[in-house]
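Below is input_24.txt, holding compact mmCIF, C-alpha atoms.
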```
# COMPACT_ATOMS: atom_id res chain seq x y z
CA ASP A 3 210.75 217.58 222.79
CA ILE A 4 212.19 214.10 223.13
CA GLN A 5 214.06 213.02 220.02
CA MET A 6 214.01 209.39 218.94
CA THR A 7 216.90 208.09 216.82
CA GLN A 8 216.71 204.73 215.07
CA SER A 9 219.55 202.76 213.58
CA PRO A 10 220.17 201.61 211.02
CA SER A 11 217.92 203.58 208.69
CA SER A 12 217.82 200.57 206.41
CA LEU A 13 219.11 197.04 206.30
CA SER A 14 219.15 194.09 203.95
CA ALA A 15 218.56 190.63 205.34
CA SER A 16 217.60 187.15 204.23
CA VAL A 17 214.68 185.00 205.25
CA GLY A 18 215.62 183.23 208.45
CA ASP A 19 218.08 185.90 209.62
CA ARG A 20 218.01 187.39 213.08
CA VAL A 21 217.43 191.13 212.77
CA THR A 22 218.02 193.80 215.41
CA ILE A 23 216.91 197.43 215.23
CA THR A 24 217.88 199.96 217.85
CA CYS A 25 216.17 203.11 219.07
CA ARG A 26 217.69 205.75 221.32
CA ALA A 27 215.80 208.48 223.18
CA SER A 28 217.31 211.89 223.85
CA GLN A 29 216.37 211.52 227.52
CA SER A 30 215.11 208.76 229.75
CA ILE A 31 211.63 207.55 228.87
CA ASN A 32 211.53 204.66 231.36
CA ASN A 33 209.85 201.88 229.40
CA TYR A 34 207.37 204.04 227.47
CA LEU A 35 208.57 202.79 224.11
CA ASN A 36 206.45 201.26 221.36
CA TRP A 37 207.29 199.61 218.04
CA TYR A 38 205.19 199.74 214.87
CA GLN A 39 205.42 197.94 211.54
CA GLN A 40 204.28 199.62 208.34
CA LYS A 41 204.00 197.90 204.98
CA PRO A 42 203.73 199.88 201.72
CA GLY A 43 200.37 201.55 201.33
CA LYS A 44 199.16 200.27 204.69
CA ALA A 45 198.52 201.72 208.11
CA PRO A 46 201.08 201.18 210.86
CA LYS A 47 200.49 198.17 213.10
CA LEU A 48 201.43 198.03 216.78
CA LEU A 49 203.91 195.23 217.49
CA ILE A 50 205.37 195.96 220.92
CA TYR A 51 204.23 198.32 223.68
CA ASP A 52 205.89 199.38 226.91
CA ALA A 53 209.26 198.30 225.51
CA SER A 54 208.75 194.55 225.77
CA SER A 55 205.05 193.62 225.77
CA LEU A 56 203.87 191.80 222.67
CA GLN A 57 200.63 193.12 221.22
CA SER A 58 197.90 190.51 220.90
CA GLY A 59 198.13 188.56 217.65
CA VAL A 60 201.73 189.50 216.90
CA PRO A 61 204.02 186.52 216.24
CA SER A 62 206.43 185.58 219.01
CA ARG A 63 209.46 186.00 216.70
CA PHE A 64 209.12 189.72 217.49
CA SER A 65 210.53 190.88 220.81
CA GLY A 66 211.50 194.15 222.42
CA SER A 67 213.87 195.09 225.18
CA GLY A 68 215.45 198.07 226.88
CA SER A 69 214.66 200.86 229.30
CA GLY A 70 215.77 204.39 229.96
CA THR A 71 217.22 205.62 226.68
CA ASP A 72 218.22 202.52 224.72
CA PHE A 73 215.84 200.03 223.18
CA THR A 74 215.93 197.12 220.76
CA LEU A 75 213.46 195.38 218.47
CA THR A 76 214.49 191.87 217.50
CA ILE A 77 213.03 189.61 214.84
CA SER A 78 214.36 186.17 215.69
CA SER A 79 213.87 184.57 212.27
CA LEU A 80 212.91 186.97 209.48
CA GLN A 81 209.92 185.88 207.42
CA PRO A 82 208.89 187.12 203.94
CA GLN A 83 205.97 189.06 205.40
CA ASP A 84 208.30 190.97 207.75
CA PHE A 85 209.82 193.14 205.04
CA ALA A 86 208.53 196.55 206.01
CA ILE A 87 209.45 199.79 207.74
CA TYR A 88 209.67 199.72 211.53
CA TYR A 89 209.16 202.78 213.72
CA CYS A 90 209.81 203.29 217.40
CA GLN A 91 207.73 205.81 219.38
CA GLN A 92 207.99 207.26 222.85
CA SER A 93 204.77 207.71 224.80
CA TYR A 94 206.49 209.01 227.95
CA THR A 95 205.15 212.48 227.29
CA THR A 96 201.60 211.37 226.58
CA PRO A 97 199.03 212.85 226.24
CA GLN A 98 201.07 215.22 224.10
CA LEU A 99 204.27 215.49 222.09
CA LEU A 100 204.48 211.80 221.26
CA THR A 101 207.43 211.36 218.93
CA PHE A 102 208.46 208.70 216.44
CA GLY A 103 211.85 207.58 215.26
CA GLY A 104 212.76 208.08 211.62
CA GLY A 105 212.10 204.47 210.71
CA THR A 106 214.13 201.43 209.68
CA LYS A 107 213.44 199.87 206.31
CA VAL A 108 214.00 196.11 206.28
CA GLU A 109 214.63 194.91 202.74
CA ILE A 110 215.25 191.57 201.11
CA LYS A 111 218.90 190.70 200.51
CA GLU B 65 186.99 193.97 215.48
CA VAL B 66 188.20 197.55 215.75
CA GLN B 67 187.49 199.52 212.58
CA LEU B 68 188.52 203.09 211.85
CA VAL B 69 187.61 204.67 208.53
CA GLU B 70 188.87 208.13 207.67
CA SER B 71 187.32 210.41 205.07
CA GLY B 72 187.40 214.00 203.88
CA GLY B 73 190.83 214.22 202.32
CA VAL B 74 190.94 216.28 199.12
CA VAL B 75 193.11 218.71 197.20
CA VAL B 76 192.86 222.18 198.79
CA GLN B 77 194.57 225.47 198.09
CA PRO B 78 197.06 227.01 200.51
CA GLY B 79 195.20 228.99 203.15
CA GLY B 80 192.12 226.83 202.76
CA SER B 81 190.19 224.75 205.27
CA LEU B 82 189.14 221.14 205.49
CA ARG B 83 187.46 218.82 207.97
CA LEU B 84 188.52 215.19 208.25
CA SER B 85 186.25 212.56 209.77
CA CYS B 86 186.93 209.16 211.27
CA ALA B 87 184.14 206.63 211.78
CA ALA B 88 184.85 204.21 214.60
CA SER B 89 183.30 200.83 215.31
CA GLY B 90 184.03 197.57 217.08
CA PHE B 91 184.91 199.07 220.46
CA ALA B 92 183.48 201.35 223.14
CA PHE B 93 184.40 204.61 221.42
CA ASP B 94 183.48 206.77 224.42
CA ASP B 95 185.95 204.91 226.65
CA TYR B 96 189.12 205.82 224.78
CA ALA B 97 191.22 208.79 223.77
CA MET B 98 191.80 209.18 220.05
CA HIS B 99 194.75 210.41 217.98
CA TRP B 100 195.45 211.93 214.60
CA VAL B 101 198.84 211.07 213.08
CA ARG B 102 200.10 212.13 209.66
CA GLN B 103 202.69 210.95 207.16
CA GLY B 104 204.06 213.23 204.48
CA PRO B 105 204.87 211.78 201.05
CA GLY B 106 207.81 209.41 201.47
CA LYS B 107 208.26 210.60 205.06
CA GLY B 108 207.95 209.17 208.54
CA LEU B 109 205.13 209.41 211.07
CA GLU B 110 204.25 212.65 212.86
CA TRP B 111 201.83 212.78 215.79
CA VAL B 112 199.33 215.60 215.24
CA SER B 113 196.71 215.65 217.98
CA LEU B 114 194.95 213.75 220.78
CA ILE B 115 191.55 214.13 222.40
CA SER B 116 190.52 212.55 225.69
CA TRP B 117 187.63 210.11 225.97
CA ASP B 118 185.09 212.78 226.79
CA GLY B 119 186.49 215.54 224.58
CA GLY B 120 187.37 217.55 227.66
CA SER B 121 191.11 217.68 226.94
CA THR B 122 192.84 218.24 223.63
CA TYR B 123 196.52 218.38 222.68
CA TYR B 124 198.37 219.40 219.53
CA ALA B 125 201.77 219.26 217.90
CA ASP B 126 203.43 222.68 217.74
CA SER B 127 203.32 222.49 213.94
CA VAL B 128 199.50 222.60 213.90
CA LYS B 129 198.63 224.39 217.13
CA SER B 130 196.13 227.23 216.63
CA ARG B 131 195.34 226.02 213.07
CA PHE B 132 193.87 222.54 213.68
CA THR B 133 191.04 221.55 216.05
CA ILE B 134 190.31 217.98 217.14
CA SER B 135 186.82 217.04 218.29
CA ARG B 136 184.62 214.00 218.75
CA ASP B 137 180.95 213.01 218.80
CA ASN B 138 180.52 210.10 221.18
CA ASN B 139 176.88 209.69 220.20
CA LYS B 140 177.80 209.07 216.58
CA ASN B 141 181.21 207.38 217.20
CA TYR B 142 183.02 209.95 215.09
CA LEU B 143 186.35 211.73 215.44
CA TYR B 144 187.08 214.95 213.55
CA LEU B 145 189.98 217.16 212.63
CA GLN B 146 189.20 220.70 211.51
CA MET B 147 192.16 222.04 209.54
CA ASN B 148 192.44 225.77 208.84
CA SER B 149 195.10 227.98 207.24
CA LEU B 150 196.49 224.98 205.41
CA ARG B 151 200.08 225.04 204.17
CA ALA B 152 201.97 222.97 201.60
CA GLU B 153 203.76 221.21 204.46
CA ASP B 154 200.41 219.89 205.73
CA THR B 155 200.24 217.64 202.66
CA ALA B 156 200.11 214.13 204.08
CA LEU B 157 198.18 210.96 204.64
CA TYR B 158 196.19 211.50 207.84
CA PHE B 159 195.50 208.52 210.09
CA CYS B 160 193.11 208.35 213.00
CA ALA B 161 194.06 205.95 215.73
CA LYS B 162 192.51 204.52 218.89
CA SER B 163 194.52 205.10 222.02
CA ASN B 164 195.02 202.46 224.68
CA GLY B 165 193.70 204.69 227.46
CA ARG B 166 191.09 207.29 228.36
CA PHE B 167 193.35 210.30 228.75
CA GLY B 168 196.39 209.51 226.60
CA GLY B 169 198.61 206.59 225.66
CA TYR B 170 199.89 205.18 222.42
CA GLU B 171 198.15 204.37 219.13
CA GLU B 172 196.76 200.86 219.49
CA TYR B 173 194.76 200.57 216.27
CA TRP B 174 194.94 202.66 213.11
CA GLY B 175 192.69 203.47 210.17
CA GLN B 176 193.91 203.33 206.58
CA GLY B 177 194.25 207.07 206.25
CA THR B 178 192.87 209.86 204.09
CA LEU B 179 195.07 211.95 201.80
CA VAL B 180 195.23 215.71 202.11
CA THR B 181 197.03 217.61 199.39
CA VAL B 182 197.63 221.33 199.78
CA SER B 183 198.48 222.81 196.42
CA SER B 184 197.53 225.69 194.17
```

What does the file become when written as structure tokens?
Amino acid sequence: DIQMTQSPSSLSASVGDRVTITCRASQSINNYLNWYQQKPGKAPKLLIYDASSLQSGVPSRFSGSGSGTDFTLTISSLQPQDFAIYYCQQSYTTPQLLTFGGGTKVEIK
Amino acid sequence: EVQLVESGGVVVQPGGSLRLSCAASGFAFDDYAMHWVRQGPGKGLEWVSLISWDGGSTYYADSVKSRFTISRDNNKNYLYLQMNSLRAEDTALYFCAKSNGRFGGYEEYWGQGTLVTVSS
């Protein structure tokens, strides 16, 4: 199975900060990397697919980059509604064995 | 608007069985693969199963293989997950999710989840 490792596991930031979350795959997954946002008690929401494509309706302050094994999610200017847990996921092995990273909790400083 | 509504989650004893349902609307259900993903209490996300658009192909995580069965009814726009031989470690919030493709892909839209608790 492909292992996905996110860092950091949590971070504290202020409104307006630029925030970067990284995700590393245990082997190359080309650009089959997706990012999800999950708020407490809510379902995950797709933000970025195929490493850098913004899902419809997602604010442009979210961006993704990377290929191969190393990927990044960037929030250019953190907003109050962005405090949540963010998960990366590889879909290289679809239709089976899709795997998620352990999550990054973004908290208010 | 895509809507996915899960149901069927209850408290069940270890070794018991349960069937989860997911009612889909707002998209052409029979054109897309569907997923089940679960989240244990305070834990991260774990992909559980996927079924192709026509139900002809199914896939499972090793942790549930031979115990869980995914199925779909394209006439009723329903997705199901039959769960047998349940264990304490199956306790989780179970989400159904629409895939972005017919045969696989990632989870594009998610339901709100239904809670399964396995406990004596």

* Please, what distance in Å, to one decimal, runs between atom CA of B:Cys160 and atom CA of A:Ala45? -> 9.9 Å

* Can you list, as a ChimeraX atom specification, every protein, DNA or RNA residue that comes within 6 Å of A:Gln40 when you count only C-alpha atoms, leaving out same-chain residues fewer than 4 positions away? -> /A:46,86-87

* To do: Would you kindly report the residues of chain B within 8 Å of chain A, using only C-alpha atoms, as a ChimeraX atom specification?
  => /B:108-111,113-114,123-125,159,167-177

* Between atom CA of B:Gly165 and atom CA of B:Gly120, what is the spacing in Å? -> 14.3 Å

* To do: Identify, on the basis of all atoms listed in the file, every residue whose closest approach to A:Ser12 does not exceed 8 Å; exclude the query and any residue fewer than 6 positions from it along the same chain; express the result as a list in words.
  => Thr106, Lys107, Val108 and Glu109 of chain A

Save the residues we just selected, C-alpha atoms, as a PDB file, keeping the file's coordinate frame?
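The result, stored in result.pdb:
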```
ATOM      1  CA  THR A 106     214.130 201.430 209.680  1.00  0.00           C
ATOM      2  CA  LYS A 107     213.440 199.870 206.310  1.00  0.00           C
ATOM      3  CA  VAL A 108     214.000 196.110 206.280  1.00  0.00           C
ATOM      4  CA  GLU A 109     214.630 194.910 202.740  1.00  0.00           C
TER       5      GLU A 109
END
```

* To do: Report the distance between atom CA of A:Arg63 and atom CA of A:Ala27 in Å, rounded to one decimal place.
  =>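 Result for atom CA of A:Arg63 versus atom CA of A:Ala27: 24.2 Å, one decimal.
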
* Asked: A:Ser69, A:Gln81, A:Ser9, A:Ile110: which is nearest A:Ile23, counting only C-alpha atoms?
  ->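 Looking only at the distances to A:Ile23, the closest residue turns out to be A:Ser9.
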
* Would you list the residues near (191.3, 225.2, 202.7), meaning any protein, DNA or RNA residue with an atom at most 8 Å from that point in file coordinates, counting only C-alpha atoms, as a PyMOL selection string? => chain B and resi 76-82+147-150+182

Write to file, as a compact mmCIF listing (two decimals), in the coordinates of the input, the residues of the selection just made, with C-alpha atoms.
```txt
# COMPACT_ATOMS: atom_id res chain seq x y z
CA VAL B 76 192.86 222.18 198.79
CA GLN B 77 194.57 225.47 198.09
CA PRO B 78 197.06 227.01 200.51
CA GLY B 79 195.20 228.99 203.15
CA GLY B 80 192.12 226.83 202.76
CA SER B 81 190.19 224.75 205.27
CA LEU B 82 189.14 221.14 205.49
CA MET B 147 192.16 222.04 209.54
CA ASN B 148 192.44 225.77 208.84
CA SER B 149 195.10 227.98 207.24
CA LEU B 150 196.49 224.98 205.41
CA VAL B 182 197.63 221.33 199.78
```

* To do: Compile the contact shell of B:Ile115 as a list of chain:residue names: residues with an atom at most 6 Å away, counting all atoms listed in the file, same-chain residues fewer than 5 positions apart removed.
  => B:Ala97, B:Met98, B:Ser121, B:Thr122

* **Residue contacts of B:Asp118 (12 Å, all atoms listed in the file) excluding same-chain residues fewer than 5 positions away, as a ChimeraX atom specification** => /B:93-98,135-139,141,143,165-168

Residues near A:Thr76, anyone? I mean within 10 Å using all atoms listed in the file, not counting same-chain ones fewer than 2 positions away, as a PDB file with C-alpha atoms, in the frame of the given file.
```pdb
ATOM      1  CA  ARG A  20     218.010 187.390 213.080  1.00  0.00           C
ATOM      2  CA  VAL A  21     217.430 191.130 212.770  1.00  0.00           C
ATOM      3  CA  THR A  22     218.020 193.800 215.410  1.00  0.00           C
ATOM      4  CA  ILE A  23     216.910 197.430 215.230  1.00  0.00           C
ATOM      5  CA  THR A  24     217.880 199.960 217.850  1.00  0.00           C
ATOM      6  CA  ARG A  63     209.460 186.000 216.700  1.00  0.00           C
ATOM      7  CA  PHE A  64     209.120 189.720 217.490  1.00  0.00           C
ATOM      8  CA  SER A  65     210.530 190.880 220.810  1.00  0.00           C
ATOM      9  CA  GLY A  66     211.500 194.150 222.420  1.00  0.00           C
ATOM     10  CA  SER A  67     213.870 195.090 225.180  1.00  0.00           C
ATOM     11  CA  THR A  74     215.930 197.120 220.760  1.00  0.00           C
ATOM     12  CA  SER A  78     214.360 186.170 215.690  1.00  0.00           C
ATOM     13  CA  SER A  79     213.870 184.570 212.270  1.00  0.00           C
ATOM     14  CA  LEU A  80     212.910 186.970 209.480  1.00  0.00           C
TER      15      LEU A  80
END
```
